[in-house]
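First the structure, in the form of structure tokens, and then the observations on it.
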Amino acid sequence: MMGVLAIARNTFREAVRDKIFALVGAFGVVLVASSVVLSPLTIGAQTKMVADVGLSSISIFGLLIVLLMGSGMVHKEIDKRTIMTMLSKPITRTDYMLGKYLGLLITLLVIMASMSVLFFLSVWVTPTVFDPAFIKSLYTAGCEMVVVTAVVMLFSAFTTPVLTSLFTLGVFLAGHTLGDLQSFAAMSGNQGTVWAIDVVRWILPDLELFNIRNAAVHGLPIHSAHLIWAGVYALLYSTVCLVVASWVFSRRDFK
Amino acid sequence: MSIFRLHDVHKSYRSDFLRRRKPVLQGVQLELAEGETLAYLGHNGAGKTTTIKALLGLIRVDSGRVEVFGHRAGDPAALARLGYLPENPWFYDHLTGREFLHLVADLHRLPRSKSRRRVDEVLELVGMTENADRRLRTFSKGMLQRMGLGQALVNDPELLILDEPMGGLDPVGRHQIRTLLTGLKEQGKTIFMSSHILSDVESLADRVAILDGGRLKRVVDMRDLEGVGVAKAVRCRELGPSAVDRLRREGYAVQIRGDLASIAVDDEGKLPDVLQLIHSEGGRLLRVEPLRSSLEEIFLAEIGIRPSPATKPEPEHSSSIQEATDEVVEAVRDVQEVR
């Protein structure tokens, strides 16, 4: 475990020193400024506008950071050959992948937490009503990132940064639209399509589970059971991804 | 006791679009005894680095067995007892030298109190204490090499695996690393180093394994080379054209540069005749020196290259004494600037 934590700490430190947190600063300025400028224009719907913009931005920025940092993380180590030094130490390749995953996840969660603080600041400076559901929405956005980060690790274990980004983006989009596709397939009445979509739904993550932004913005009820299931689902799905990623990674040759 | 054992190891890589396999190691069989320094000699692409990667478990061999400290290659139990310096080392450039060594200490699960002391010791040993708190991205090649050796020593390993430890270093850097390695050898460390620089191999190794085209050609015990006769180069001045013609007629290779003549004498028994001839023709003898070391002769013979008898190979890093001197002066200036 000490090896895993050492790799995680190093990954986090690298992100901090690569000034990735400058992105957060830019995000904050844009968010607060846009909320202050736009909210007076939306008479009667200020709360919805500020909450919608803020919560959506945090999710999108989160995804961007995972893609930017995660897709090239392992590849960069192979390219610069720092991986030779790391894997010559008494750690397993699973330790290495877990450490990288944890480091990226911690970086991401710290960034999302910072963005959340800026979001609450924008709620505070504009005439927006604070709703505890905002926190629930941020929690499920965090759970979603736990899954997406594991998906990035899975692809980065065997392919290039560009393909990792494309595949992860594909999984992200499919994960948000599979429910709709399933409905369309049911309406079409084609049993083969229904069956195919069902199979794909079992393999790809159901990311709509984590999307409670609309409910939070419109004040709809969000049940605790949903939040618990979102957490459990994120843990289970990311574990499966990491097990497969470690297996693939442990079979790689480093020429 | 055997530290590692390679038994009939084969490895090939898929090399082109059609994914044909290109053999890199072909039945390599090698063993390293405790306390021994074994140099792995071969030209570029001979399979030296591939063998090292097989020992570390960084690649999976196609067939054969690789055991390190009695464990499967790449087993953390084996990796805990060795230190590895990669070829052209490059480390996390966002870290300082000290932070990097602490990261390595954490990977070796050294307790914090012990790791602090060990990191300081290692920095001192590799002469990097003064630069320990600088980012690695600001380090010169020689400093990175020393830091690379440092990270390999953090766990006080029983076995050191060094891939081209002097590769690309200037004369000062090479001297520093050679001195360090000599010290480690004297401490009783087992060392396995790949190299294609014969002078380094000769000064450090107990045995030399020669690899060519992925095949282990020969293992030479350096003690067996003591006192073995080698070809000589006779350097003289003011040797007349008639003497040069006579020497060439008798089959000697003679090189002329101005009034300097260099005569290659492959058979040591004929040396007195050549010296006599130079004397009788009014030439002025400057010196007699080994044309090639016997290790070089063995190496070239094993890889199927017939050396030119007339020329002594120049040092790898310079083409003349003047150039070598310039390099040393420049390197010393670099070191002073860095400080």
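Residue numbers start at 1 in each chain; chains themselves are named A, B, ... in the order of the structure tokens; ligands are numbered from 1 in the order shown.
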
Discussion item. Would you mind listing, as a ChimeraX atom specification, all residues of chain A that have at least one atom within 12 Å of chain B, where only C-alpha atoms are what counts?
Written reply: /A:1-19,76-96,99,249-255

Within 9 Å of Leu138 of chain A, counting only C-alpha atoms, which residues qualify if same-chain residues fewer than 6 places away don't, as a short mmCIF file (atom, residue, chain, number, x, y, z; two decimals) with C-alpha atoms, in the first residue's frame?
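The resulting around19.cif:
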data_model
loop_
_atom_site.label_atom_id
_atom_site.label_comp_id
_atom_site.auth_asym_id
_atom_site.auth_seq_id
_atom_site.Cartn_x
_atom_site.Cartn_y
_atom_site.Cartn_z
CA LEU A 55 -23.19 22.46 -11.89
CA ILE A 58 -18.12 21.56 -12.96
CA SER A 59 -19.04 18.28 -14.71
CA MET A 112 -13.83 19.77 -8.32
CA ALA A 113 -13.96 20.74 -4.65
CA SER A 116 -17.55 23.87 -5.97
CA ARG A 213 -28.65 18.21 -12.08
#

Discussion item. Restricting the calculation to only C-alpha atoms: of A:Ser183, A:Thr107, A:Thr126, A:Thr140, which residue gets closest to Thr42 of chain A?
Written reply: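 Result for the nearest residue to Thr42 of chain A: A:Thr126.
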
Fill in: DSSP strand (DSSP E) residues within segment 48-110 of chain B, listed as a list in words
Ser63, Gly64, Arg65, Val66, Glu67, Val68, His71, Arg72, Leu82, Gly83, Tyr84 and Leu85 of chain B

Worksheet entry | Surrounding residues of Thr239 of chain A excluding itself and chain neighbours under 6 positions, 10 Å, only C-alpha atoms, as a list of chain:residue names |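 Final neighbour list, sorted by chain and number: A:Val146, A:Val147, A:Ala150, A:Tyr233, A:Ala245.
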
Worksheet item: Quick one: residues within 9 Å of segment 273-283 of chain B, only C-alpha atoms counted, chain neighbours fewer than 3 positions away excluded, as a list in words?
Response: Val234, Cys236, Arg237, Glu238, Leu239, Gly240, Ser242, Ala243, Leu247, Ile263, Val265, Gly269 and Lys270 of chain B

Worksheet item: If we count only C-alpha atoms, what is near Ala22 of chain A at a cut-off of 12 Å, once residues fewer than 6 positions away on the same chain are taken out, given as a list in words?
Response: Ala15, Val16, Gly28, Val29, Ile65, Ile111, Ser114 and Met115 of chain A

Worksheet item: Taking into account only C-alpha atoms, which residue in the set B:Pro165, B:Gly304, B:Gly251, B:Gly127 is nearest to Leu181 of chain B?
Response: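 The shortest atom-to-atom distance to Leu181 of chain B comes from B:Pro165.
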
Long-range neighbours of segment 165-181 of chain A as a PDB file with N, CA and C atoms, in the first residue's frame, 12 Å cut-off, only C-alpha atoms, 4 positions minimum in chain:
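part.pdb was written with the following content:
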ATOM      1  N   SER A  59     -19.088  19.612 -14.076  1.00  0.00           N
ATOM      2  CA  SER A  59     -19.038  18.280 -14.709  1.00  0.00           C
ATOM      3  C   SER A  59     -18.183  18.316 -15.975  1.00  0.00           C
ATOM      4  N   ILE A  60     -18.420  19.347 -16.797  1.00  0.00           N
ATOM      5  CA  ILE A  60     -17.689  19.416 -18.075  1.00  0.00           C
ATOM      6  C   ILE A  60     -16.192  19.639 -17.828  1.00  0.00           C
ATOM      7  N   LEU A  63     -14.609  16.422 -16.703  1.00  0.00           N
ATOM      8  CA  LEU A  63     -14.352  15.517 -17.827  1.00  0.00           C
ATOM      9  C   LEU A  63     -13.120  15.974 -18.619  1.00  0.00           C
ATOM     10  N   LEU A  64     -13.043  17.285 -18.857  1.00  0.00           N
ATOM     11  CA  LEU A  64     -11.903  17.815 -19.613  1.00  0.00           C
ATOM     12  C   LEU A  64     -10.576  17.497 -18.916  1.00  0.00           C
ATOM     13  N   ILE A  65     -10.570  17.675 -17.608  1.00  0.00           N
ATOM     14  CA  ILE A  65      -9.326  17.431 -16.856  1.00  0.00           C
ATOM     15  C   ILE A  65      -8.958  15.943 -16.904  1.00  0.00           C
ATOM     16  N   VAL A  66      -9.959  15.065 -16.765  1.00  0.00           N
ATOM     17  CA  VAL A  66      -9.677  13.620 -16.851  1.00  0.00           C
ATOM     18  C   VAL A  66      -9.062  13.292 -18.213  1.00  0.00           C
ATOM     19  N   LEU A  67      -9.657  13.864 -19.262  1.00  0.00           N
ATOM     20  CA  LEU A  67      -9.152  13.564 -20.606  1.00  0.00           C
ATOM     21  C   LEU A  67      -7.753  14.140 -20.809  1.00  0.00           C
ATOM     22  N   LEU A  68      -7.567  15.390 -20.366  1.00  0.00           N
ATOM     23  CA  LEU A  68      -6.270  16.051 -20.562  1.00  0.00           C
ATOM     24  C   LEU A  68      -5.156  15.357 -19.789  1.00  0.00           C
ATOM     25  N   MET A  69      -5.444  15.088 -18.528  1.00  0.00           N
ATOM     26  CA  MET A  69      -4.389  14.515 -17.668  1.00  0.00           C
ATOM     27  C   MET A  69      -4.285  13.008 -17.817  1.00  0.00           C
ATOM     28  N   GLY A  70      -5.446  12.360 -17.800  1.00  0.00           N
ATOM     29  CA  GLY A  70      -5.459  10.894 -17.711  1.00  0.00           C
ATOM     30  C   GLY A  70      -5.033  10.195 -18.981  1.00  0.00           C
ATOM     31  N   SER A  71      -5.400  10.760 -20.136  1.00  0.00           N
ATOM     32  CA  SER A  71      -5.162  10.023 -21.378  1.00  0.00           C
ATOM     33  C   SER A  71      -3.667   9.827 -21.651  1.00  0.00           C
ATOM     34  N   GLY A  72      -2.840  10.823 -21.280  1.00  0.00           N
ATOM     35  CA  GLY A  72      -1.415  10.705 -21.597  1.00  0.00           C
ATOM     36  C   GLY A  72      -0.552  10.290 -20.420  1.00  0.00           C
ATOM     37  N   MET A  73      -1.205  10.067 -19.269  1.00  0.00           N
ATOM     38  CA  MET A  73      -0.446   9.866 -18.026  1.00  0.00           C
ATOM     39  C   MET A  73       0.504   8.648 -18.092  1.00  0.00           C
ATOM     40  N   GLU A 144     -19.446  10.157 -10.729  1.00  0.00           N
ATOM     41  CA  GLU A 144     -19.294   9.955 -12.179  1.00  0.00           C
ATOM     42  C   GLU A 144     -17.810  10.027 -12.569  1.00  0.00           C
ATOM     43  N   MET A 145     -17.097  10.950 -11.961  1.00  0.00           N
ATOM     44  CA  MET A 145     -15.670  11.092 -12.283  1.00  0.00           C
ATOM     45  C   MET A 145     -14.849   9.892 -11.801  1.00  0.00           C
ATOM     46  N   VAL A 147     -15.858   6.905 -11.986  1.00  0.00           N
ATOM     47  CA  VAL A 147     -16.034   5.925 -13.064  1.00  0.00           C
ATOM     48  C   VAL A 147     -15.236   6.333 -14.304  1.00  0.00           C
ATOM     49  N   VAL A 148     -15.376   7.615 -14.708  1.00  0.00           N
ATOM     50  CA  VAL A 148     -14.717   8.060 -15.951  1.00  0.00           C
ATOM     51  C   VAL A 148     -13.192   7.952 -15.814  1.00  0.00           C
ATOM     52  N   THR A 149     -12.672   8.262 -14.639  1.00  0.00           N
ATOM     53  CA  THR A 149     -11.219   8.142 -14.420  1.00  0.00           C
ATOM     54  C   THR A 149     -10.770   6.677 -14.573  1.00  0.00           C
ATOM     55  N   ALA A 150     -11.589   5.757 -14.062  1.00  0.00           N
ATOM     56  CA  ALA A 150     -11.240   4.330 -14.200  1.00  0.00           C
ATOM     57  C   ALA A 150     -11.285   3.911 -15.660  1.00  0.00           C
ATOM     58  N   VAL A 151     -12.239   4.472 -16.418  1.00  0.00           N
ATOM     59  CA  VAL A 151     -12.335   4.153 -17.859  1.00  0.00           C
ATOM     60  C   VAL A 151     -11.077   4.658 -18.581  1.00  0.00           C
ATOM     61  N   VAL A 152     -10.632   5.865 -18.225  1.00  0.00           N
ATOM     62  CA  VAL A 152      -9.400   6.412 -18.816  1.00  0.00           C
ATOM     63  C   VAL A 152      -8.221   5.490 -18.515  1.00  0.00           C
ATOM     64  N   MET A 153      -8.128   5.019 -17.285  1.00  0.00           N
ATOM     65  CA  MET A 153      -7.023   4.132 -16.904  1.00  0.00           C
ATOM     66  C   MET A 153      -7.062   2.845 -17.727  1.00  0.00           C
ATOM     67  N   LEU A 154      -8.281   2.337 -17.937  1.00  0.00           N
ATOM     68  CA  LEU A 154      -8.426   1.096 -18.704  1.00  0.00           C
ATOM     69  C   LEU A 154      -7.870   1.280 -20.123  1.00  0.00           C
ATOM     70  N   PHE A 155      -8.272   2.348 -20.787  1.00  0.00           N
ATOM     71  CA  PHE A 155      -7.802   2.551 -22.163  1.00  0.00           C
ATOM     72  C   PHE A 155      -6.316   2.908 -22.206  1.00  0.00           C
ATOM     73  N   SER A 156      -5.877   3.699 -21.233  1.00  0.00           N
ATOM     74  CA  SER A 156      -4.469   4.117 -21.265  1.00  0.00           C
ATOM     75  C   SER A 156      -3.527   2.946 -20.973  1.00  0.00           C
ATOM     76  N   PHE A 158      -3.424   0.273 -22.590  1.00  0.00           N
ATOM     77  CA  PHE A 158      -2.991  -0.436 -23.785  1.00  0.00           C
ATOM     78  C   PHE A 158      -2.983   0.396 -25.060  1.00  0.00           C
ATOM     79  N   THR A 159      -3.436   1.644 -25.001  1.00  0.00           N
ATOM     80  CA  THR A 159      -3.466   2.373 -26.273  1.00  0.00           C
ATOM     81  C   THR A 159      -2.883   3.784 -26.138  1.00  0.00           C
ATOM     82  N   THR A 160      -2.903   4.518 -27.240  1.00  0.00           N
ATOM     83  CA  THR A 160      -2.241   5.833 -27.286  1.00  0.00           C
ATOM     84  C   THR A 160      -3.128   6.906 -26.621  1.00  0.00           C
ATOM     85  N   PRO A 161      -2.530   8.066 -26.286  1.00  0.00           N
ATOM     86  CA  PRO A 161      -3.320   9.122 -25.642  1.00  0.00           C
ATOM     87  C   PRO A 161      -4.501   9.583 -26.499  1.00  0.00           C
ATOM     88  N   ALA A 185     -35.106   1.729 -29.150  1.00  0.00           N
ATOM     89  CA  ALA A 185     -35.063   0.332 -29.619  1.00  0.00           C
ATOM     90  C   ALA A 185     -36.362  -0.382 -29.276  1.00  0.00           C
ATOM     91  N   ALA A 186     -36.883  -0.136 -28.079  1.00  0.00           N
ATOM     92  CA  ALA A 186     -38.134  -0.777 -27.653  1.00  0.00           C
ATOM     93  C   ALA A 186     -39.276  -0.315 -28.558  1.00  0.00           C
ATOM     94  N   MET A 187     -39.245   0.977 -28.899  1.00  0.00           N
ATOM     95  CA  MET A 187     -40.316   1.523 -29.751  1.00  0.00           C
ATOM     96  C   MET A 187     -40.246   0.944 -31.164  1.00  0.00           C
ATOM     97  N   SER A 188     -38.993   0.677 -31.621  1.00  0.00           N
ATOM     98  CA  SER A 188     -38.846   0.164 -32.994  1.00  0.00           C
ATOM     99  C   SER A 188     -39.398  -1.247 -33.122  1.00  0.00           C
ATOM    100  N   THR A 193     -32.228  -5.426 -32.133  1.00  0.00           N
ATOM    101  CA  THR A 193     -31.686  -4.137 -31.682  1.00  0.00           C
ATOM    102  C   THR A 193     -31.829  -4.007 -30.166  1.00  0.00           C
ATOM    103  N   VAL A 194     -32.987  -4.429 -29.672  1.00  0.00           N
ATOM    104  CA  VAL A 194     -33.229  -4.360 -28.219  1.00  0.00           C
ATOM    105  C   VAL A 194     -32.180  -5.191 -27.487  1.00  0.00           C
ATOM    106  N   TRP A 195     -31.944  -6.376 -28.012  1.00  0.00           N
ATOM    107  CA  TRP A 195     -30.982  -7.294 -27.386  1.00  0.00           C
ATOM    108  C   TRP A 195     -29.558  -6.689 -27.423  1.00  0.00           C
ATOM    109  N   ALA A 196     -29.202  -6.138 -28.589  1.00  0.00           N
ATOM    110  CA  ALA A 196     -27.852  -5.548 -28.750  1.00  0.00           C
ATOM    111  C   ALA A 196     -27.654  -4.380 -27.781  1.00  0.00           C
ATOM    112  N   ILE A 197     -28.664  -3.519 -27.684  1.00  0.00           N
ATOM    113  CA  ILE A 197     -28.560  -2.361 -26.776  1.00  0.00           C
ATOM    114  C   ILE A 197     -28.459  -2.838 -25.321  1.00  0.00           C
ATOM    115  N   ASP A 198     -29.201  -3.911 -25.011  1.00  0.00           N
ATOM    116  CA  ASP A 198     -29.154  -4.468 -23.642  1.00  0.00           C
ATOM    117  C   ASP A 198     -27.735  -4.929 -23.295  1.00  0.00           C
ATOM    118  N   VAL A 199     -27.097  -5.612 -24.267  1.00  0.00           N
ATOM    119  CA  VAL A 199     -25.734  -6.121 -24.040  1.00  0.00           C
ATOM    120  C   VAL A 199     -24.773  -4.951 -23.818  1.00  0.00           C
ATOM    121  N   VAL A 200     -24.883  -3.958 -24.709  1.00  0.00           N
ATOM    122  CA  VAL A 200     -24.000  -2.793 -24.601  1.00  0.00           C
ATOM    123  C   VAL A 200     -24.229  -2.095 -23.258  1.00  0.00           C
ATOM    124  N   ARG A 201     -25.467  -2.047 -22.834  1.00  0.00           N
ATOM    125  CA  ARG A 201     -25.791  -1.373 -21.561  1.00  0.00           C
ATOM    126  C   ARG A 201     -25.175  -2.082 -20.358  1.00  0.00           C
ATOM    127  N   TRP A 202     -25.011  -3.385 -20.515  1.00  0.00           N
ATOM    128  CA  TRP A 202     -24.368  -4.136 -19.432  1.00  0.00           C
ATOM    129  C   TRP A 202     -22.864  -3.854 -19.382  1.00  0.00           C
ATOM    130  N   ILE A 203     -22.298  -3.570 -20.559  1.00  0.00           N
ATOM    131  CA  ILE A 203     -20.840  -3.368 -20.610  1.00  0.00           C
ATOM    132  C   ILE A 203     -20.478  -1.922 -20.287  1.00  0.00           C
ATOM    133  N   LEU A 204     -21.177  -0.986 -20.924  1.00  0.00           N
ATOM    134  CA  LEU A 204     -20.837   0.430 -20.705  1.00  0.00           C
ATOM    135  C   LEU A 204     -21.485   0.948 -19.421  1.00  0.00           C
ATOM    136  N   PRO A 205     -20.874   1.983 -18.828  1.00  0.00           N
ATOM    137  CA  PRO A 205     -21.441   2.500 -17.570  1.00  0.00           C
ATOM    138  C   PRO A 205     -22.713   3.315 -17.830  1.00  0.00           C
ATOM    139  N   ASP A 206     -23.643   3.210 -16.915  1.00  0.00           N
ATOM    140  CA  ASP A 206     -24.869   3.994 -17.013  1.00  0.00           C
ATOM    141  C   ASP A 206     -24.623   5.339 -16.327  1.00  0.00           C
ATOM    142  N   LEU A 207     -24.131   6.294 -17.094  1.00  0.00           N
ATOM    143  CA  LEU A 207     -23.717   7.573 -16.484  1.00  0.00           C
ATOM    144  C   LEU A 207     -24.912   8.480 -16.190  1.00  0.00           C
ATOM    145  N   GLU A 208     -26.047   8.186 -16.764  1.00  0.00           N
ATOM    146  CA  GLU A 208     -27.242   8.995 -16.450  1.00  0.00           C
ATOM    147  C   GLU A 208     -27.651   8.832 -14.988  1.00  0.00           C
ATOM    148  N   LEU A 209     -27.199   7.731 -14.405  1.00  0.00           N
ATOM    149  CA  LEU A 209     -27.467   7.502 -12.970  1.00  0.00           C
ATOM    150  C   LEU A 209     -26.921   8.665 -12.132  1.00  0.00           C
ATOM    151  N   PHE A 210     -25.836   9.258 -12.628  1.00  0.00           N
ATOM    152  CA  PHE A 210     -25.173  10.321 -11.850  1.00  0.00           C
ATOM    153  C   PHE A 210     -25.705  11.711 -12.210  1.00  0.00           C
ATOM    154  N   ASN A 211     -26.594  11.779 -13.183  1.00  0.00           N
ATOM    155  CA  ASN A 211     -27.072  13.081 -13.635  1.00  0.00           C
ATOM    156  C   ASN A 211     -28.343  13.472 -12.887  1.00  0.00           C
TER     157      ASN A 211
END

Practice prompt. Please indicate the distance in Å from atom CA of Leu23 of chain A to atom CA of Thr128 of chain A, rounded to one decimal place.
Written response: 25.0 Å

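Taking atom CA of Gly142 of chain B and atom CA of Leu38 of chain B as endpoints, the distance between them is 23.2 Å.
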
Discussion item. Can you tell me, as a VMD selection string, which residues in segment 120-210 of chain A count as helix (DSSP H, G or I) by DSSP?
Written reply: chain A and resid 120 to 125 133 to 156 161 to 188 191 to 203 207 to 210

Fill in: From A:Leu38, A:Ala157, A:Leu31, A:Val117, residue lying nearest Tyr101 of chain A [only C-alpha atoms]
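So, comparing all the options, the nearest one is A:Ala157.
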
Worksheet item: Just how far from atom CA of Glu302 of chain B is atom CA of Ala33 of chain B, in Å to one decimal?
Response: 23.6 Å
